[in-house]
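Text of target29.pdb (PDB, C-alpha atoms and all ligand atoms) as supplied:
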```pdb
ATOM      1  CA  MET A   1      -4.007 -20.641   6.214
ATOM      2  CA  THR A   2      -4.219 -19.406   9.808
ATOM      3  CA  ALA A   3      -2.664 -16.119   8.726
ATOM      4  CA  LEU A   4      -5.693 -15.487   6.568
ATOM      5  CA  ASP A   5      -8.143 -16.304   9.340
ATOM      6  CA  ASP A   6      -6.301 -14.052  11.762
ATOM      7  CA  THR A   7      -6.413 -11.252   9.265
ATOM      8  CA  GLN A   8     -10.160 -11.460   9.042
ATOM      9  CA  ALA A   9     -10.659 -11.936  12.774
ATOM     10  CA  THR A  10      -8.533  -8.949  13.757
ATOM     11  CA  ALA A  11      -9.860  -6.526  11.163
ATOM     12  CA  PRO A  12     -10.992  -3.314  12.867
ATOM     13  CA  SER A  13     -14.736  -3.178  13.408
ATOM     14  CA  ASP A  14     -15.123   0.393  12.164
ATOM     15  CA  VAL A  15     -13.942  -0.111   8.612
ATOM     16  CA  GLY A  16     -17.367   0.335   7.099
ATOM     17  CA  SER A  17     -19.806  -2.102   5.542
ATOM     18  CA  PRO A  18     -19.065  -3.900   2.262
ATOM     19  CA  LYS A  19     -21.006  -1.158   0.519
ATOM     20  CA  THR A  20     -18.927   1.675   1.972
ATOM     21  CA  PRO A  21     -16.158   2.606  -0.470
ATOM     22  CA  VAL A  22     -12.706   2.061   1.030
ATOM     23  CA  ILE A  23     -11.583   5.175  -0.827
ATOM     24  CA  GLU A  24     -13.770   8.054  -1.910
ATOM     25  CA  ILE A  25     -12.044  11.155  -3.173
ATOM     26  CA  ALA A  26     -13.819  14.088  -4.766
ATOM     27  CA  ASP A  27     -12.366  17.117  -6.555
ATOM     28  CA  VAL A  28      -8.927  16.595  -5.002
ATOM     29  CA  TRP A  29      -6.159  18.994  -5.992
ATOM     30  CA  LYS A  30      -2.506  19.135  -5.012
ATOM     31  CA  LEU A  31      -0.547  22.229  -5.958
ATOM     32  CA  HIS A  32       3.131  22.860  -5.293
ATOM     33  CA  LYS A  33       4.538  26.389  -5.336
ATOM     34  CA  LEU A  34       7.989  26.524  -6.888
ATOM     35  CA  GLY A  35       9.021  30.178  -6.825
ATOM     36  CA  ASP A  36       6.542  31.987  -9.086
ATOM     37  CA  GLU A  37       5.442  28.757 -10.678
ATOM     38  CA  VAL A  38       2.636  26.493  -9.498
ATOM     39  CA  VAL A  39       3.021  22.781 -10.248
ATOM     40  CA  LYS A  40      -0.319  21.003 -10.510
ATOM     41  CA  ALA A  41       0.521  17.538  -9.198
ATOM     42  CA  LEU A  42      -3.151  16.584  -8.983
ATOM     43  CA  VAL A  43      -6.051  18.268 -10.776
ATOM     44  CA  SER A  44      -9.627  17.731  -9.634
ATOM     45  CA  ALA A  45      -9.271  14.012  -9.082
ATOM     46  CA  ASP A  46     -12.346  11.887  -8.380
ATOM     47  CA  LEU A  47     -12.016   8.227  -7.476
ATOM     48  CA  GLN A  48     -14.047   5.592  -5.681
ATOM     49  CA  VAL A  49     -12.631   2.223  -4.740
ATOM     50  CA  MET A  50     -14.843  -0.515  -3.319
ATOM     51  CA  PRO A  51     -13.751  -3.231  -0.863
ATOM     52  CA  GLY A  52     -11.819  -6.061  -2.525
ATOM     53  CA  GLU A  53     -10.963  -4.160  -5.710
ATOM     54  CA  PHE A  54      -7.441  -4.301  -7.158
ATOM     55  CA  VAL A  55      -7.068  -0.926  -8.811
ATOM     56  CA  CYS A  56      -4.068  -0.104 -10.932
ATOM     57  CA  LEU A  57      -3.015   3.526 -11.453
ATOM     58  CA  MET A  58      -1.259   3.829 -14.787
ATOM     59  CA  GLY A  59       0.406   6.853 -16.258
ATOM     60  CA  PRO A  60       3.767   8.248 -17.318
ATOM     61  CA  SER A  61       6.317   9.546 -14.848
ATOM     62  CA  GLY A  62       5.134  12.835 -13.336
ATOM     63  CA  SER A  63       1.442  12.152 -13.980
ATOM     64  CA  GLY A  64       0.553  12.291 -10.277
ATOM     65  CA  LYS A  65       0.412   8.616  -9.270
ATOM     66  CA  SER A  66       2.598   8.926  -6.158
ATOM     67  CA  THR A  67       0.865  12.145  -5.163
ATOM     68  CA  LEU A  68      -2.508  10.422  -5.326
ATOM     69  CA  LEU A  69      -1.290   7.383  -3.332
ATOM     70  CA  ASN A  70       0.340   9.617  -0.718
ATOM     71  CA  ILE A  71      -2.847  11.612  -0.305
ATOM     72  CA  ILE A  72      -4.946   8.443  -0.002
ATOM     73  CA  GLY A  73      -2.496   7.101   2.599
ATOM     74  CA  GLY A  74      -2.310  10.374   4.512
ATOM     75  CA  LEU A  75       1.413  10.819   3.904
ATOM     76  CA  ASP A  76       0.457  14.067   2.191
ATOM     77  CA  ARG A  77      -2.562  16.378   2.518
ATOM     78  CA  PRO A  78      -4.503  17.716  -0.476
ATOM     79  CA  THR A  79      -4.573  21.432  -1.294
ATOM     80  CA  LYS A  80      -8.319  21.126  -1.822
ATOM     81  CA  GLY A  81     -10.989  18.436  -2.008
ATOM     82  CA  THR A  82     -12.491  15.616   0.026
ATOM     83  CA  VAL A  83     -10.759  12.364   0.928
ATOM     84  CA  ARG A  84     -12.806   9.689   2.688
ATOM     85  CA  ILE A  85     -11.160   6.484   3.871
ATOM     86  CA  SER A  86     -13.613   3.748   4.918
ATOM     87  CA  GLY A  87     -16.291   6.401   5.191
ATOM     88  CA  ARG A  88     -14.244   8.817   7.332
ATOM     89  CA  ASP A  89     -13.617  12.338   6.134
ATOM     90  CA  THR A  90      -9.870  12.714   6.662
ATOM     91  CA  ALA A  91     -10.098  16.514   6.763
ATOM     92  CA  GLN A  92     -11.815  16.087  10.143
ATOM     93  CA  LEU A  93      -8.888  14.086  11.522
ATOM     94  CA  THR A  94      -5.894  15.559  13.326
ATOM     95  CA  GLU A  95      -2.456  14.332  12.263
ATOM     96  CA  SER A  96      -2.373  11.860  15.138
ATOM     97  CA  GLN A  97      -5.901  10.592  14.421
ATOM     98  CA  PHE A  98      -4.930  10.132  10.780
ATOM     99  CA  ALA A  99      -1.763   8.330  11.874
ATOM    100  CA  ALA A 100      -3.902   5.988  13.985
ATOM    101  CA  LEU A 101      -6.279   5.341  11.076
ATOM    102  CA  ARG A 102      -3.293   4.706   8.791
ATOM    103  CA  HIS A 103      -1.780   2.340  11.318
ATOM    104  CA  ASP A 104      -5.043   0.415  11.752
ATOM    105  CA  ILE A 105      -6.191  -0.008   8.186
ATOM    106  CA  ILE A 106      -3.487   0.889   5.633
ATOM    107  CA  GLY A 107      -0.403  -1.045   4.552
ATOM    108  CA  PHE A 108       2.291   0.451   2.294
ATOM    109  CA  ILE A 109       4.568  -1.124  -0.298
ATOM    110  CA  PHE A 110       7.257   0.979  -1.960
ATOM    111  CA  GLN A 111       9.287   0.725  -5.151
ATOM    112  CA  SER A 112      12.544   0.467  -3.188
ATOM    113  CA  TYR A 113      11.141  -1.981  -0.582
ATOM    114  CA  ASN A 114      12.207   0.281   2.334
ATOM    115  CA  LEU A 115      13.411  -2.609   4.480
ATOM    116  CA  ILE A 116      15.849  -2.067   7.352
ATOM    117  CA  PRO A 117      19.083  -3.709   6.150
ATOM    118  CA  PHE A 118      20.399  -4.835   9.562
ATOM    119  CA  LEU A 119      17.142  -6.487  10.656
ATOM    120  CA  SER A 120      16.157  -9.993   9.572
ATOM    121  CA  ALA A 121      13.149 -10.584   7.316
ATOM    122  CA  VAL A 122      10.940 -11.528  10.255
ATOM    123  CA  GLU A 123      12.065  -8.489  12.277
ATOM    124  CA  ASN A 124      11.267  -6.250   9.310
ATOM    125  CA  VAL A 125       7.780  -7.754   9.112
ATOM    126  CA  GLU A 126       7.257  -7.210  12.856
ATOM    127  CA  LEU A 127       8.551  -3.658  12.764
ATOM    128  CA  PRO A 128       5.221  -1.780  12.337
ATOM    129  CA  LEU A 129       3.976  -3.398  15.576
ATOM    130  CA  MET A 130       7.310  -3.677  17.381
ATOM    131  CA  PHE A 131       6.704  -0.705  19.648
ATOM    132  CA  GLU A 132       3.194  -1.730  20.638
ATOM    133  CA  PRO A 133       2.127  -3.774  23.614
ATOM    134  CA  TYR A 134       1.811  -7.014  21.660
ATOM    135  CA  ASP A 135       2.784 -10.375  22.991
ATOM    136  CA  ARG A 136       6.229 -10.971  21.409
ATOM    137  CA  LYS A 137       5.569 -14.648  20.782
ATOM    138  CA  SER A 138       2.276 -14.200  18.953
ATOM    139  CA  LEU A 139       3.714 -11.278  16.970
ATOM    140  CA  ARG A 140       6.617 -13.494  15.895
ATOM    141  CA  LYS A 141       4.216 -16.317  15.020
ATOM    142  CA  ARG A 142       2.087 -14.019  12.901
ATOM    143  CA  ALA A 143       5.130 -12.499  11.145
ATOM    144  CA  ILE A 144       6.373 -15.978  10.254
ATOM    145  CA  GLU A 145       2.925 -16.943   8.968
ATOM    146  CA  LEU A 146       2.915 -13.884   6.724
ATOM    147  CA  LEU A 147       6.380 -14.734   5.397
ATOM    148  CA  GLU A 148       5.094 -18.245   4.674
ATOM    149  CA  LEU A 149       2.077 -16.722   2.947
ATOM    150  CA  VAL A 150       4.388 -14.886   0.521
ATOM    151  CA  GLY A 151       6.520 -18.015   0.022
ATOM    152  CA  LEU A 152       9.434 -16.971   2.237
ATOM    153  CA  GLY A 153       9.164 -19.504   5.032
ATOM    154  CA  HIS A 154      12.785 -20.448   4.257
ATOM    155  CA  ARG A 155      14.085 -16.867   4.501
ATOM    156  CA  VAL A 156      12.754 -15.868   7.938
ATOM    157  CA  HIS A 157      16.155 -15.028   9.457
ATOM    158  CA  HIS A 158      17.821 -13.653   6.331
ATOM    159  CA  GLN A 159      18.773 -10.005   6.127
ATOM    160  CA  PRO A 160      17.447  -8.026   3.141
ATOM    161  CA  THR A 161      20.973  -7.615   1.741
ATOM    162  CA  LYS A 162      21.178 -11.395   1.404
ATOM    163  CA  MET A 163      17.896 -11.652  -0.506
ATOM    164  CA  SER A 164      16.964 -11.081  -4.146
ATOM    165  CA  GLY A 165      14.875  -8.071  -5.161
ATOM    166  CA  GLY A 166      11.774 -10.224  -5.500
ATOM    167  CA  GLU A 167      12.310 -11.722  -2.048
ATOM    168  CA  GLN A 168      12.784  -8.254  -0.575
ATOM    169  CA  GLN A 169       9.559  -7.042  -2.143
ATOM    170  CA  ARG A 170       7.711 -10.120  -0.887
ATOM    171  CA  THR A 171       9.077  -9.344   2.601
ATOM    172  CA  ALA A 172       7.725  -5.819   2.177
ATOM    173  CA  ILE A 173       4.336  -7.285   1.192
ATOM    174  CA  ALA A 174       4.359  -9.424   4.364
ATOM    175  CA  ARG A 175       5.245  -6.314   6.401
ATOM    176  CA  SER A 176       2.396  -4.353   4.814
ATOM    177  CA  LEU A 177      -0.019  -7.028   6.120
ATOM    178  CA  ILE A 178       1.132  -7.227   9.733
ATOM    179  CA  SER A 179      -1.581  -4.898  11.065
ATOM    180  CA  SER A 180      -4.300  -6.720   9.062
ATOM    181  CA  PRO A 181      -4.979  -3.728   6.821
ATOM    182  CA  THR A 182      -8.158  -3.143   4.869
ATOM    183  CA  LEU A 183      -6.216  -1.284   2.204
ATOM    184  CA  VAL A 184      -2.747  -1.824   0.737
ATOM    185  CA  LEU A 185      -1.141   0.989  -1.272
ATOM    186  CA  ALA A 186       1.741   0.007  -3.538
ATOM    187  CA  ASP A 187       3.782   2.675  -5.337
ATOM    188  CA  GLU A 188       5.447   1.091  -8.397
ATOM    189  CA  PRO A 189       6.009  -2.211  -6.564
ATOM    190  CA  THR A 190       7.646  -3.880  -9.587
ATOM    191  CA  ALA A 191       9.764  -0.990 -10.870
ATOM    192  CA  ASN A 192      13.040  -2.463  -9.564
ATOM    193  CA  LEU A 193      12.260  -6.060 -10.519
ATOM    194  CA  ASP A 194      12.837  -7.993 -13.715
ATOM    195  CA  HIS A 195       9.782  -8.853 -15.746
ATOM    196  CA  ARG A 196       9.185 -12.363 -14.408
ATOM    197  CA  THR A 197       9.788 -11.490 -10.769
ATOM    198  CA  GLY A 198       7.525  -8.487 -11.175
ATOM    199  CA  GLU A 199       4.821 -10.755 -12.508
ATOM    200  CA  THR A 200       5.137 -13.072  -9.478
ATOM    201  CA  VAL A 201       4.924 -10.142  -7.070
ATOM    202  CA  VAL A 202       1.853  -8.756  -8.795
ATOM    203  CA  ARG A 203       0.128 -12.113  -8.864
ATOM    204  CA  MET A 204       0.780 -12.270  -5.127
ATOM    205  CA  LEU A 205      -0.834  -8.877  -4.652
ATOM    206  CA  ARG A 206      -3.842  -9.982  -6.669
ATOM    207  CA  ASP A 207      -4.140 -13.169  -4.589
ATOM    208  CA  LEU A 208      -4.106 -11.083  -1.420
ATOM    209  CA  CYS A 209      -6.920  -9.170  -2.859
ATOM    210  CA  THR A 210      -9.003 -12.242  -3.654
ATOM    211  CA  THR A 211      -8.149 -14.472  -0.658
ATOM    212  CA  LEU A 212      -7.850 -11.868   2.109
ATOM    213  CA  GLY A 213     -10.391  -9.438   0.712
ATOM    214  CA  VAL A 214      -7.760  -6.700   1.007
ATOM    215  CA  THR A 215      -8.289  -3.715  -1.266
ATOM    216  CA  VAL A 216      -5.175  -2.912  -3.296
ATOM    217  CA  VAL A 217      -4.260   0.260  -5.157
ATOM    218  CA  ALA A 218      -0.990  -0.025  -7.066
ATOM    219  CA  SER A 219       0.713   2.473  -9.352
ATOM    220  CA  THR A 220       2.779   1.259 -12.280
ATOM    221  CA  HIS A 221       4.101   1.766 -15.797
ATOM    222  CA  ASP A 222       4.018  -1.950 -16.262
ATOM    223  CA  PRO A 223       1.227  -3.422 -18.438
ATOM    224  CA  THR A 224       1.564  -6.839 -16.718
ATOM    225  CA  VAL A 225       0.501  -5.200 -13.457
ATOM    226  CA  ALA A 226      -2.488  -3.732 -15.220
ATOM    227  CA  ASP A 227      -3.383  -7.175 -16.616
ATOM    228  CA  GLN A 228      -3.870  -8.503 -13.076
ATOM    229  CA  ALA A 229      -5.959  -5.553 -11.892
ATOM    230  CA  SER A 230      -9.727  -5.567 -11.552
ATOM    231  CA  ARG A 231      -9.733  -1.969 -12.799
ATOM    232  CA  VAL A 232      -7.229   0.324 -14.494
ATOM    233  CA  VAL A 233      -7.283   4.050 -13.772
ATOM    234  CA  ARG A 234      -5.283   6.125 -16.237
ATOM    235  CA  MET A 235      -3.578   9.362 -15.241
ATOM    236  CA  ARG A 236      -2.024  12.150 -17.275
ATOM    237  CA  ASP A 237      -0.690  15.549 -16.127
ATOM    238  CA  GLY A 238      -2.281  15.188 -12.693
ATOM    239  CA  GLN A 239      -5.650  14.228 -14.079
ATOM    240  CA  ILE A 240      -7.550  10.981 -13.970
ATOM    241  CA  VAL A 241      -8.387  10.574 -17.645
ATOM    242  CA  GLU A 242     -10.100   7.196 -17.698
TER     243      GLU A 242
HETATM  244  N1  LIG A 301       7.143  18.142  -3.319
HETATM  245  C1  LIG A 301       6.982  18.535  -4.580
HETATM  246  N2  LIG A 301       7.320  19.782  -4.971
HETATM  247  C2  LIG A 301       7.139  20.191  -6.244
HETATM  248  N3  LIG A 301       6.627  19.431  -7.205
HETATM  249  C3  LIG A 301       6.275  18.175  -6.894
HETATM  250  C4  LIG A 301       6.439  17.654  -5.570
HETATM  251  N4  LIG A 301       5.984  16.388  -5.568
HETATM  252  C5  LIG A 301       5.570  16.116  -6.812
HETATM  253  N5  LIG A 301       5.753  17.188  -7.616
HETATM  254  C6  LIG A 301       5.412  17.260  -9.048
HETATM  255  O1  LIG A 301       4.089  16.794  -9.197
HETATM  256  C7  LIG A 301       3.948  16.053 -10.390
HETATM  257  C8  LIG A 301       3.416  14.665 -10.078
HETATM  258  O2  LIG A 301       4.425  13.942  -9.404
HETATM  259  P1  LIG A 301       4.245  12.426  -8.933
HETATM  260  O3  LIG A 301       2.977  12.324  -8.167
HETATM  261  O4  LIG A 301       5.491  12.055  -8.242
HETATM  262  O5  LIG A 301       4.099  11.655 -10.305
HETATM  263  P2  LIG A 301       4.331  10.101 -10.642
HETATM  264  O6  LIG A 301       4.325   9.345  -9.364
HETATM  265  O7  LIG A 301       3.205   9.740 -11.568
HETATM  266  O8  LIG A 301       5.636  10.003 -11.341
HETATM  267  C9  LIG A 301       5.317  16.056 -11.069
HETATM  268  O9  LIG A 301       5.327  17.106 -12.012
HETATM  269  C10 LIG A 301       6.247  16.339  -9.923
HETATM  270  O10 LIG A 301       7.399  16.976 -10.375
HETATM  271 MG    MG A 302       5.772   8.062  -8.569
END
```
Serialized structure, structure tokens:
Amino acid sequence: MTALDDTQATAPSDVGSPKTPVIEIADVWKLHKLGDEVVKALVSADLQVMPGEFVCLMGPSGSGKSTLLNIIGGLDRPTKGTVRISGRDTAQLTESQFAALRHDIIGFIFQSYNLIPFLSAVENVELPLMFEPYDRKSLRKRAIELLELVGLGHRVHHQPTKMSGGEQQRTAIARSLISSPTLVLADEPTANLDHRTGETVVRMLRDLCTTLGVTVVASTHDPTVADQASRVVRMRDGQIVE
């Protein structure tokens, strides 16, 4: 379990104490102008997530789940409201400061895996740190450890096109962990997987949460994802309803 130890040892020192919420958003709105119409993607959302929680965002298509995840991850900026990540008010950060924060403490997992098809599994896992001054050998070692952690020690040199959907998503999970994130955001991670594979992937996410102390926020339609979560947040029409 060296991968786990490394993750703890290399966690950034400025991520806040265990009592600082990893995510704290207050009265967050996201409006889109479409001609004369205004689409309310997010309406006065409030949410606090504490370290080590596995929060599941549930709601029908169009209810604002991706918008909320993108705002938390800094891929999108809110129209109005406060977003604090590990105690830092993101409105005070420039784009490049936010990019650095994102790089240091946030990992992303997407519905469609977003792997590079012509790179091997291990190269995909290394990719977020590939252009940084890391020692190639220790980066490779860590990437392999993460693939072993998600049960893919036997698929290290496979390309994504030669792997099943579940294996691709597990590769994406390993990639999301390469920078030892505090927070992993997963947007419908099981949407393209069959029921059983989805269940395996979600159990893996939950285990990350408990063994690595990583905070996970995952959006889904899938009740089995919700079953594994420590808390379910329900969304409807851009609002957090429960
Ligand atoms: N870039 C955009 N321009 C216009 N409307 C958008 C944009 N992004 C999202 N929306 C709208 O915001 C609402 C919430 O979308 P989204 O966050 O993707 O929901 P979900 O992920 O729950 O399916 C939807 O009505 C969607 O059409
Ligand atoms: Mg979505």
All file atoms of region 99-118 of chain A boxed axis-aligned, 4 Å per side, centre plus edges, as lines of an AutoDock Vina configuration file:
```
center_x = 7.1
center_y = 1.7
center_z = 4.4
size_x = 34.7
size_y = 21.2
size_z = 27.1
```
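Using all atoms listed in the file, the nearest neighbour of ligand MG 302 (chain A) within the list A:Leu212, A:Leu68, A:Ala172, A:Leu205 is A:Leu68.
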Next item on the list: Name all residues at most 7 Å from region 140-153 of chain A (count all atoms listed in the file; drop same-chain ones fewer than 3 positions away) and give them as a PyMOL selection string.
Entry: chain A and resi 3+122+125-126+136-137+156+170-171+174+178
Margin query: Once the PyMOL selection byres (((chain A and resi 55) around 12) and not hetatm) is applied to the coordinates I shared, what remains selected? I want it as a ChimeraX atom specification.
Written below: /A:22-23,47-54,56-58,69,183-187,202,205-206,209,214-220,225-234
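Taking only C-alpha atoms and all ligand atoms into account, ligand MG 302 (chain A) has within 10 Å the residues Gly59, Pro60, Ser61, Gly62, Ser63, Gly64, Lys65, Ser66, Thr67, Leu68, Leu69, Asn70, Phe110, Gln111, Asp187, Glu188, Ser219, Thr220 and His221 of chain A.
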Just the selected residues (C-alpha atoms), exported as a compact mmCIF listing (two decimals), keeping the file's coordinate frame, please.
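What ended up in part-v1.txt:
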```
# COMPACT_ATOMS: atom_id res chain seq x y z
CA GLY A 59 0.41 6.85 -16.26
CA PRO A 60 3.77 8.25 -17.32
CA SER A 61 6.32 9.55 -14.85
CA GLY A 62 5.13 12.84 -13.34
CA SER A 63 1.44 12.15 -13.98
CA GLY A 64 0.55 12.29 -10.28
CA LYS A 65 0.41 8.62 -9.27
CA SER A 66 2.60 8.93 -6.16
CA THR A 67 0.86 12.14 -5.16
CA LEU A 68 -2.51 10.42 -5.33
CA LEU A 69 -1.29 7.38 -3.33
CA ASN A 70 0.34 9.62 -0.72
CA PHE A 110 7.26 0.98 -1.96
CA GLN A 111 9.29 0.72 -5.15
CA ASP A 187 3.78 2.68 -5.34
CA GLU A 188 5.45 1.09 -8.40
CA SER A 219 0.71 2.47 -9.35
CA THR A 220 2.78 1.26 -12.28
CA HIS A 221 4.10 1.77 -15.80
```
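Considering the residues A:Thr200, A:Val43, A:Val83, A:Asp207 and counting all atoms listed in the file, ligand LIG 301 (chain A) has its shortest atom-to-atom contact with A:Val43.
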